[in-house]
>>> print(open('model37.tsv').read())   # TSV, C-alpha atoms and all ligand atoms
chain	number	residue	atom	x	y	z
E	1	MET	CA	-4.54	11.50	8.59
E	2	LEU	CA	-6.30	9.34	11.17
E	3	VAL	CA	-9.71	9.67	9.60
E	4	ARG	CA	-12.40	7.23	10.60
E	5	PRO	CA	-14.87	5.41	8.36
E	6	PRO	CA	-17.70	7.58	7.01
E	7	SER	CA	-20.17	5.49	9.05
E	8	GLY	CA	-18.31	6.07	12.31
E	9	LYS	CA	-17.72	2.32	12.69
E	10	LYS	CA	-14.85	1.39	14.99
E	11	VAL	CA	-12.12	-0.25	12.90
E	12	LEU	CA	-8.83	1.22	14.14
E	13	TRP	CA	-6.71	-1.28	16.08
E	14	GLN	CA	-5.36	1.36	18.45
E	15	GLU	CA	-8.85	2.56	19.44
E	16	MET	CA	-10.28	-0.84	20.27
E	17	LEU	CA	-10.82	-2.06	23.80
E	18	ARG	CA	-9.32	-5.35	24.89
E	19	HIS	CA	-12.64	-7.20	24.95
E	20	GLU	CA	-13.39	-5.94	21.44
E	21	LEU	CA	-10.14	-7.39	20.12
E	22	LEU	CA	-10.85	-10.66	21.93
E	23	ALA	CA	-14.32	-10.79	20.42
E	24	ALA	CA	-12.89	-10.11	16.97
E	25	LEU	CA	-10.49	-13.03	17.39
E	26	GLU	CA	-13.49	-15.39	17.51
E	27	GLN	CA	-14.58	-14.34	14.01
E	28	ARG	CA	-11.56	-15.01	11.77
E	29	PRO	CA	-10.64	-11.33	11.54
E	30	VAL	CA	-8.52	-9.74	8.83
E	31	VAL	CA	-6.01	-7.05	9.82
E	32	ILE	CA	-4.82	-4.56	7.20
E	33	VAL	CA	-1.54	-2.75	7.83
E	34	PRO	CA	-1.34	0.31	5.55
E	35	VAL	CA	2.28	0.85	4.50
E	36	GLY	CA	3.50	4.05	2.89
E	37	SER	CA	6.10	6.74	2.79
E	38	VAL	CA	6.67	10.39	3.60
E	39	GLU	CA	8.34	11.97	0.60
E	40	GLN	CA	8.18	14.81	-1.87
E	41	HIS	CA	5.45	14.40	-4.45
E	42	GLY	CA	6.17	17.31	-6.74
E	43	PRO	CA	5.25	20.91	-5.91
E	44	HIS	CA	1.47	20.36	-5.89
E	45	CYS	CA	0.96	17.29	-3.63
E	46	PRO	CA	1.56	16.76	0.10
E	47	GLN	CA	4.28	14.51	1.50
E	48	ASP	CA	2.00	11.68	2.63
E	49	VAL	CA	0.40	10.71	-0.68
E	50	ASP	CA	1.71	7.14	-0.51
E	51	ILE	CA	0.29	6.36	2.90
E	52	SER	CA	-3.00	8.19	2.45
E	53	GLY	CA	-4.00	5.92	-0.47
E	54	PRO	CA	-3.71	2.56	1.30
E	55	TYR	CA	-4.93	4.03	4.57
E	56	HIS	CA	-8.18	5.30	3.04
E	57	MET	CA	-8.62	2.06	1.07
E	58	ALA	CA	-8.22	0.01	4.24
E	59	ILE	CA	-10.66	2.19	6.19
E	60	ASN	CA	-13.27	2.00	3.45
E	61	ALA	CA	-12.90	-1.76	2.95
E	62	ALA	CA	-13.23	-2.28	6.72
E	63	ASP	CA	-16.32	-0.08	6.71
E	64	ALA	CA	-17.89	-2.03	3.85
E	65	ILE	CA	-17.66	-5.44	5.54
E	66	ASP	CA	-20.07	-6.21	8.37
E	67	ASP	CA	-20.17	-10.01	8.60
E	68	PHE	CA	-16.68	-10.34	10.13
E	69	PRO	CA	-14.15	-7.89	11.57
E	70	VAL	CA	-11.68	-6.09	9.33
E	71	ILE	CA	-9.33	-4.10	11.54
E	72	VAL	CA	-6.95	-1.38	10.34
E	73	ALA	CA	-3.60	-1.42	12.15
E	74	PRO	CA	-1.75	1.83	12.85
E	75	PRO	CA	-0.37	2.95	9.49
E	76	VAL	CA	3.34	2.66	8.75
E	77	LEU	CA	4.06	6.19	7.60
E	78	TYR	CA	7.78	5.80	7.09
E	79	GLY	CA	9.12	3.87	4.13
E	80	PHE	CA	12.16	3.16	2.01
E	81	THR	CA	12.72	6.18	-0.19
E	82	HIS	CA	16.34	7.32	-0.22
E	83	TYR	CA	15.96	8.17	-3.89
E	84	ASN	CA	13.57	11.01	-3.13
E	85	MET	CA	16.06	12.67	-0.82
E	86	GLY	CA	17.38	15.86	-2.33
E	87	GLU	CA	13.90	17.35	-2.52
E	88	VAL	CA	12.76	18.86	0.73
E	89	GLY	CA	10.17	16.80	2.63
E	90	THR	CA	11.46	13.26	2.23
E	91	LEU	CA	12.00	11.09	5.32
E	92	THR	CA	13.41	7.62	4.76
E	93	LEU	CA	14.38	4.47	6.65
E	94	LYS	CA	17.30	2.17	5.91
E	95	LEU	CA	16.31	-0.94	3.99
E	96	GLU	CA	17.04	-3.41	6.79
E	97	LEU	CA	15.23	-1.28	9.38
E	98	PHE	CA	12.16	-0.95	7.18
E	99	ILE	CA	11.98	-4.69	6.55
E	100	GLU	CA	12.43	-5.41	10.27
E	101	LEU	CA	9.74	-2.86	11.15
E	102	LEU	CA	7.22	-4.67	8.94
E	103	CYS	CA	8.36	-8.04	10.32
E	104	ASP	CA	8.01	-6.95	13.95
E	105	ILE	CA	4.55	-5.49	13.38
E	106	SER	CA	3.49	-8.74	11.68
E	107	ARG	CA	5.10	-10.88	14.38
E	108	SER	CA	3.20	-8.92	17.04
E	109	LEU	CA	-0.13	-9.25	15.24
E	110	TRP	CA	0.52	-12.97	14.79
E	111	ALA	CA	1.46	-13.42	18.45
E	112	ASN	CA	-1.82	-11.72	19.40
E	113	GLY	CA	-3.62	-14.43	17.46
E	114	PHE	CA	-4.46	-12.38	14.36
E	115	HIS	CA	-3.44	-14.69	11.53
E	116	ARG	CA	-4.93	-13.00	8.49
E	117	ILE	CA	-2.61	-10.07	7.90
E	118	ILE	CA	-2.43	-7.87	4.80
E	119	LEU	CA	0.50	-5.50	4.30
E	120	LEU	CA	-1.11	-2.99	1.93
E	121	ASN	CA	1.65	-0.92	0.38
E	122	GLY	CA	1.28	2.42	-1.41
E	123	HIS	CA	4.86	3.33	-2.33
E	124	GLY	CA	6.87	1.97	-5.28
E	125	GLY	CA	10.15	1.85	-3.36
E	126	ASN	CA	8.52	-0.31	-0.69
E	127	GLU	CA	7.32	-2.94	-3.10
E	128	ALA	CA	10.33	-5.27	-3.06
E	129	PRO	CA	11.12	-4.73	0.65
E	130	THR	CA	7.49	-5.38	1.66
E	131	TRP	CA	7.51	-8.61	-0.31
E	132	THR	CA	10.87	-9.46	1.23
E	133	ALA	CA	9.38	-8.97	4.70
E	134	SER	CA	6.62	-11.46	3.88
E	135	VAL	CA	9.17	-13.95	2.51
E	136	LYS	CA	11.30	-13.57	5.63
E	137	LEU	CA	8.26	-14.07	7.86
E	138	ALA	CA	7.25	-17.21	5.98
E	139	GLU	CA	10.47	-18.81	7.17
E	140	GLU	CA	9.12	-18.33	10.70
E	141	ASP	CA	5.69	-19.71	9.68
E	142	ILE	CA	4.18	-16.25	10.01
E	143	TRP	CA	2.04	-15.22	7.05
E	144	ALA	CA	1.62	-11.60	6.07
E	145	LEU	CA	0.19	-11.13	2.61
E	146	ALA	CA	2.12	-8.32	0.91
E	147	LEU	CA	0.65	-6.38	-1.97
E	148	THR	CA	0.94	-2.97	-3.58
E	149	TYR	CA	-2.44	-1.36	-4.12
E	150	TRP	CA	-2.24	-0.35	-7.78
E	151	HIS	CA	-1.65	-3.93	-8.88
E	152	MET	CA	-5.25	-4.62	-7.85
E	153	ALA	CA	-6.21	-2.52	-10.89
E	154	ASP	CA	-3.36	-2.92	-13.40
E	155	ASP	CA	-5.69	-3.55	-16.35
E	156	GLU	CA	-8.03	-0.68	-15.53
E	157	LEU	CA	-5.15	1.74	-14.97
E	158	LEU	CA	-3.88	0.99	-18.43
E	159	ALA	CA	-7.32	1.22	-20.02
E	160	TRP	CA	-8.28	4.43	-18.21
E	161	SER	CA	-4.99	6.35	-18.58
E	162	ASP	CA	-5.06	9.50	-20.68
E	163	ALA	CA	-1.34	10.16	-20.32
E	164	ASP	CA	0.56	7.87	-17.97
E	165	ASN	CA	0.15	4.50	-19.72
E	166	GLY	CA	-1.18	2.61	-16.76
E	167	SER	CA	1.57	3.68	-14.36
E	168	ILE	CA	0.69	5.00	-10.94
E	169	GLY	CA	3.52	7.51	-11.48
E	170	HIS	CA	4.59	9.97	-8.84
E	171	GLY	CA	2.39	13.03	-8.44
E	172	GLY	CA	1.20	12.34	-12.01
E	173	GLU	CA	-2.15	11.44	-13.51
E	174	TRP	CA	-3.28	8.84	-10.99
E	175	GLU	CA	-1.79	9.82	-7.66
E	176	THR	CA	-2.99	13.37	-8.22
E	177	SER	CA	-6.46	12.07	-9.17
E	178	LEU	CA	-6.64	9.99	-6.00
E	179	GLN	CA	-5.63	12.98	-3.91
E	180	LEU	CA	-8.15	15.24	-5.66
E	181	HIS	CA	-10.79	12.71	-4.67
E	182	LEU	CA	-9.58	11.96	-1.14
E	183	ARG	CA	-8.10	15.25	0.05
E	184	PRO	CA	-8.57	18.07	-2.48
E	185	GLN	CA	-7.82	20.65	0.22
E	186	LEU	CA	-4.20	19.41	0.31
E	187	VAL	CA	-3.54	19.70	-3.44
E	188	ASP	CA	-2.51	22.97	-5.09
E	189	MET	CA	-3.05	22.50	-8.80
E	190	SER	CA	-1.78	26.03	-9.49
E	191	LEU	CA	1.70	24.65	-8.72
E	192	ALA	CA	1.39	21.47	-10.80
E	193	VAL	CA	4.13	20.62	-13.29
E	194	LYS	CA	4.58	17.75	-15.67
E	195	ASP	CA	7.87	15.90	-15.94
E	196	GLU	CA	9.04	13.76	-18.80
E	197	TRP	CA	9.80	10.17	-17.87
E	198	ARG	CA	13.44	9.29	-18.18
E	199	ARG	CA	14.10	5.63	-18.77
E	200	HIS	CA	17.24	3.74	-19.62
E	201	PHE	CA	15.63	1.34	-22.06
E	202	SER	CA	12.73	1.33	-24.49
E	203	PRO	CA	9.27	0.96	-22.91
E	204	ASP	CA	9.13	-2.66	-24.15
E	205	VAL	CA	12.39	-3.64	-22.47
E	206	GLN	CA	11.81	-1.42	-19.43
E	207	ARG	CA	8.83	-3.59	-18.56
E	208	PHE	CA	11.13	-6.43	-17.53
E	209	ALA	CA	14.57	-4.81	-17.13
E	210	PHE	CA	15.12	-1.74	-14.98
E	211	PHE	CA	17.55	-0.42	-12.42
E	212	PRO	CA	16.63	0.24	-8.80
E	213	GLU	CA	16.08	3.94	-8.26
E	214	ARG	CA	18.82	6.01	-6.74
E	215	ARG	CA	18.20	9.69	-7.43
E	216	ARG	CA	15.02	10.97	-8.90
E	217	GLU	CA	16.13	12.12	-12.32
E	218	MET	CA	13.02	14.13	-13.12
E	219	GLU	CA	13.53	17.86	-12.95
E	220	HIS	CA	10.54	18.59	-10.71
E	221	GLY	CA	10.36	15.29	-8.85
E	222	VAL	CA	7.19	14.29	-10.70
E	223	MET	CA	6.61	11.16	-12.78
E	224	GLY	CA	3.71	11.64	-15.12
E	225	ASP	CA	1.16	14.26	-16.02
E	226	PRO	CA	-0.98	15.81	-13.25
E	227	PHE	CA	-2.79	18.04	-15.77
E	228	VAL	CA	-5.05	15.17	-16.85
E	229	ALA	CA	-5.89	14.32	-13.24
E	230	SER	CA	-9.40	14.80	-11.88
E	231	ALA	CA	-11.37	14.00	-8.75
E	232	GLU	CA	-13.77	11.93	-10.89
E	233	LYS	CA	-10.96	9.71	-12.15
E	234	GLY	CA	-9.66	9.40	-8.62
E	235	GLU	CA	-13.04	8.38	-7.30
E	236	ARG	CA	-13.50	5.76	-10.02
E	237	LEU	CA	-10.12	4.20	-9.33
E	238	PHE	CA	-10.49	4.44	-5.56
E	239	ASN	CA	-13.87	2.72	-5.55
E	240	LEU	CA	-12.54	-0.12	-7.70
E	241	LEU	CA	-9.52	-0.57	-5.41
E	242	VAL	CA	-11.73	-0.67	-2.31
E	243	GLU	CA	-13.96	-3.25	-4.00
E	244	ARG	CA	-10.97	-5.47	-4.86
E	245	LEU	CA	-9.52	-5.09	-1.37
E	246	ALA	CA	-12.87	-6.03	0.17
E	247	GLN	CA	-13.01	-9.08	-2.12
E	248	LEU	CA	-9.56	-10.11	-0.92
E	249	CYS	CA	-10.64	-9.65	2.73
E	250	ARG	CA	-13.70	-11.86	2.16
E	251	GLU	CA	-11.63	-14.63	0.57
E	252	TYR	CA	-8.93	-14.32	3.22
E	253	HIS	CA	-11.57	-14.59	5.96
E	254	GLU	CA	-12.69	-17.91	4.47
E	255	ALA	CA	-9.19	-19.19	3.81
E	256	ASP	CA	-6.53	-20.37	6.23
E	257	PRO	CA	-2.98	-19.15	6.04
E	258	PRO	CA	-0.62	-21.82	4.70
E	259	ARG	CA	0.22	-24.62	7.09
E	260	TYR	CA	3.53	-26.35	6.78
E	261	ARG	CA	3.77	-30.10	7.14
E	262	GLU	CA	5.59	-31.28	10.23
E	263	PHE	CA	9.12	-32.18	9.25
E	264	GLY	CA	9.31	-35.90	8.69
E	265	SER	CA	5.54	-36.36	8.69
E	266	HIS	CA	5.60	-37.65	5.11
E	267	CYS	CA	8.11	-40.38	5.96
E	268	PRO	CA	6.67	-43.87	6.38
R	1	ZN	ZN	3.67	8.26	-4.58
>>> encode(input="model37.tsv", output="structure tokens", more="lines below")
Ligand SMILES: [Zn+2]
Amino acid sequence: MLVRPPSGKKVLWQEMLRHELLAALEQRPVVIVPVGSVEQHGPHCPQDVDISGPYHMAINAADAIDDFPVIVAPPVLYGFTHYNMGEVGTLTLKLELFIELLCDISRSLWANGFHRIILLNGHGGNEAPTWTASVKLAEEDIWALALTYWHMADDELLAWSDADNGSIGHGGEWETSLQLHLRPQLVDMSLAVKDEWRRHFSPDVQRFAFFPERRREMEHGVMGDPFVASAEKGERLFNLLVERLAQLCREYHEADPPRYREFGSHCP
């Protein structure tokens, strides 16, 4: 899991020496915290699909940028995924603990002087809690930009889908493609199965009205169609996501986190 950039460049927070972190602080660094989950991903994919995506994206974006430091914090492997329990392999945190974990990591980075933080999430169940963590931190004037990786390519996912209608799914077309690109040795396509999506409303209504997940209702724990997955599709999507993430890092490097006005400063 702890792969390093193809170039061998040093980008992992936990491997850096103190003087290297201090030097990075002089150059408006960006820190990416990959956030994921350990959970069943159907019979054909490993348990760590949702952390491997953002982790590899962060490593590759950090590798691609040389004019300022992009540092990858230790990945948050554990996520909020009670609804995948019931299939062997799933490990989950309670909602409040998960939010606090993200908050404490962000608070620590902030206290170290690293003020351009990205929480890069790769698991659907983490999406609202990760955003909640960033909202909670904002109240303390700590800024951690929370995003879920596939939203960097919503339009392309829809345009490029052969089966899954632009959804990242769960062990379906796109997650399987990404894994076939990143870690084909961990995928066993001979075990792949396709599950029908079960929704409560029509696709039109489901776009804006849906229940939180409780128990995976799909028979095999898969959402989507892994049979249309390919390493080529995974590579195309992955490269686009790394490009978008690198673009965000460049803009974040130039920008300052929000500054609040001193209370009362607008009064005459
Ligand atoms: Zn997943």
>>> residues_near_ligand(input="model37.tsv", ligand="ligand ZN 1 (chain R)", cutoff="6 Å", atoms="all atoms listed in the file", output="MDAnalysis selection string")
chainID E and resid 49:50 123 170
>>> closest_atom_pairs(input="model37.tsv", of="segment 51-143 of chain E", to="segment 218-228 of chain E", cutoff="12 Å", atoms="all atoms listed in the file", output="Markdown table")
| residue | atom | partner | partner_atom | distance |
| --- | --- | --- | --- | --- |
| E:Tyr83 | CA | E:Gly221 | CA | 10.3 |
| E:Asn84 | CA | E:Gly221 | CA | 7.8 |
| E:Met85 | CA | E:Gly221 | CA | 10.2 |
| E:Gly86 | CA | E:Gly221 | CA | 9.6 |
| E:Glu87 | CA | E:Gly221 | CA | 7.5 |
| E:Val88 | CA | E:Gly221 | CA | 10.5 |
| E:Gly89 | CA | E:Gly221 | CA | 11.6 |
| E:Thr90 | CA | E:Gly221 | CA | 11.3 |
| E:Gly124 | CA | E:Met223 | CA | 11.9 |
>>> closest_atom_pairs(input="model37.tsv", of="segment 104-203 of chain E", to="segment 240-255 of chain E", cutoff="10 Å", atoms="only C-alpha atoms", output="CSV")
residue,atom,partner,partner_atom,distance
E:His115,CA,E:His253,CA,9.9
E:Arg116,CA,E:Tyr252,CA,6.7
E:Ile117,CA,E:Tyr252,CA,8.9
E:Ile118,CA,E:Cys249,CA,8.7
E:Leu120,CA,E:Leu245,CA,9.3
E:Leu145,CA,E:Tyr252,CA,9.7
E:Tyr149,CA,E:Leu241,CA,7.2
E:Trp150,CA,E:Leu241,CA,7.7
E:His151,CA,E:Leu241,CA,9.2
E:Met152,CA,E:Leu241,CA,6.4
E:Ala153,CA,E:Leu241,CA,6.7
E:Glu156,CA,E:Leu240,CA,9.1
>>> closest_residue(input="model37.tsv", among="E:Phe201, E:Tyr78, E:Trp110, E:Trp131", to="Leu91 of chain E", atoms="all atoms listed in the file")
E:Tyr78
>>> atom_distance(input="model37.tsv", atom1="atom CA of Phe98 of chain E", atom2="atom CA of Val3 of chain E")
24.4 Å
>>> residues_around(input="model37.tsv", residues="Leu186 of chain E", least_positions_apart="6", cutoff="10 Å", atoms="only C-alpha atoms", output="ChimeraX atom specification")
/E:44-47,49,179-180
>>> closest_residue(input="model37.tsv", among="E:Ser52, E:Ser167, E:Asn126, E:Thr176", to="Asp155 of chain E", atoms="all atoms listed in the file")
E:Ser167
>>> residues_around(input="model37.tsv", residues="Leu119 of chain E", least_positions_apart="6", cutoff="7 Å", atoms="all atoms listed in the file", output="PDB file with C-alpha atoms, keeping the file's coordinate frame")
ATOM      1  CA  ILE E  32      -4.820  -4.560   7.200  1.00  0.00           C
ATOM      2  CA  VAL E  33      -1.540  -2.750   7.830  1.00  0.00           C
ATOM      3  CA  PRO E  34      -1.340   0.310   5.550  1.00  0.00           C
ATOM      4  CA  VAL E  35       2.280   0.850   4.500  1.00  0.00           C
ATOM      5  CA  ALA E 144       1.620 -11.600   6.070  1.00  0.00           C
ATOM      6  CA  LEU E 145       0.190 -11.130   2.610  1.00  0.00           C
ATOM      7  CA  ALA E 146       2.120  -8.320   0.910  1.00  0.00           C
ATOM      8  CA  LEU E 147       0.650  -6.380  -1.970  1.00  0.00           C
TER       9      LEU E 147
END
>>> atom_distance(input="model37.tsv", atom1="atom CA of Pro54 of chain E", atom2="atom CA of Val72 of chain E")
10.4 Å
>>> atom_distance(input="model37.tsv", atom1="atom CA of Asp195 of chain E", atom2="atom CA of Trp160 of chain E")
19.9 Å
>>> closest_residue(input="model37.tsv", among="E:Asp154, E:Asp48, E:Glu26, E:Asp63", to="Val11 of chain E", atoms="all atoms listed in the file")
E:Asp63
>>> closest_residue(input="model37.tsv", among="E:Gln185, E:Asn112, E:Ser230, E:Ser7", to="Ser161 of chain E", atoms="only C-alpha atoms")
E:Ser230
>>> closest_residue(input="model37.tsv", among="E:Gly36, E:His19, E:Gly42, E:Leu157", to="His56 of chain E", atoms="only C-alpha atoms")
E:Gly36
>>> closest_residue(input="model37.tsv", among="E:Thr81, E:Asn239, E:Gln14, E:Asn121", to="Tyr55 of chain E", atoms="all atoms listed in the file")
E:Asn121
>>> residues_near_point(input="model37.tsv", point="(-0.9, 21.4, -5.8)", cutoff="7 Å", atoms="only C-alpha atoms", output="ChimeraX atom specification")
/E:43-45,187-192
>>> axis_aligned_box(input="model37.tsv", around="segment 81-93 of chain E", padding_each_side="8 Å", output="AutoDock Vina command-line options")
--center_x 13.8 --center_y 11.7 --center_z 1.4 --size_x 23.2 --size_y 30.4 --size_z 26.5
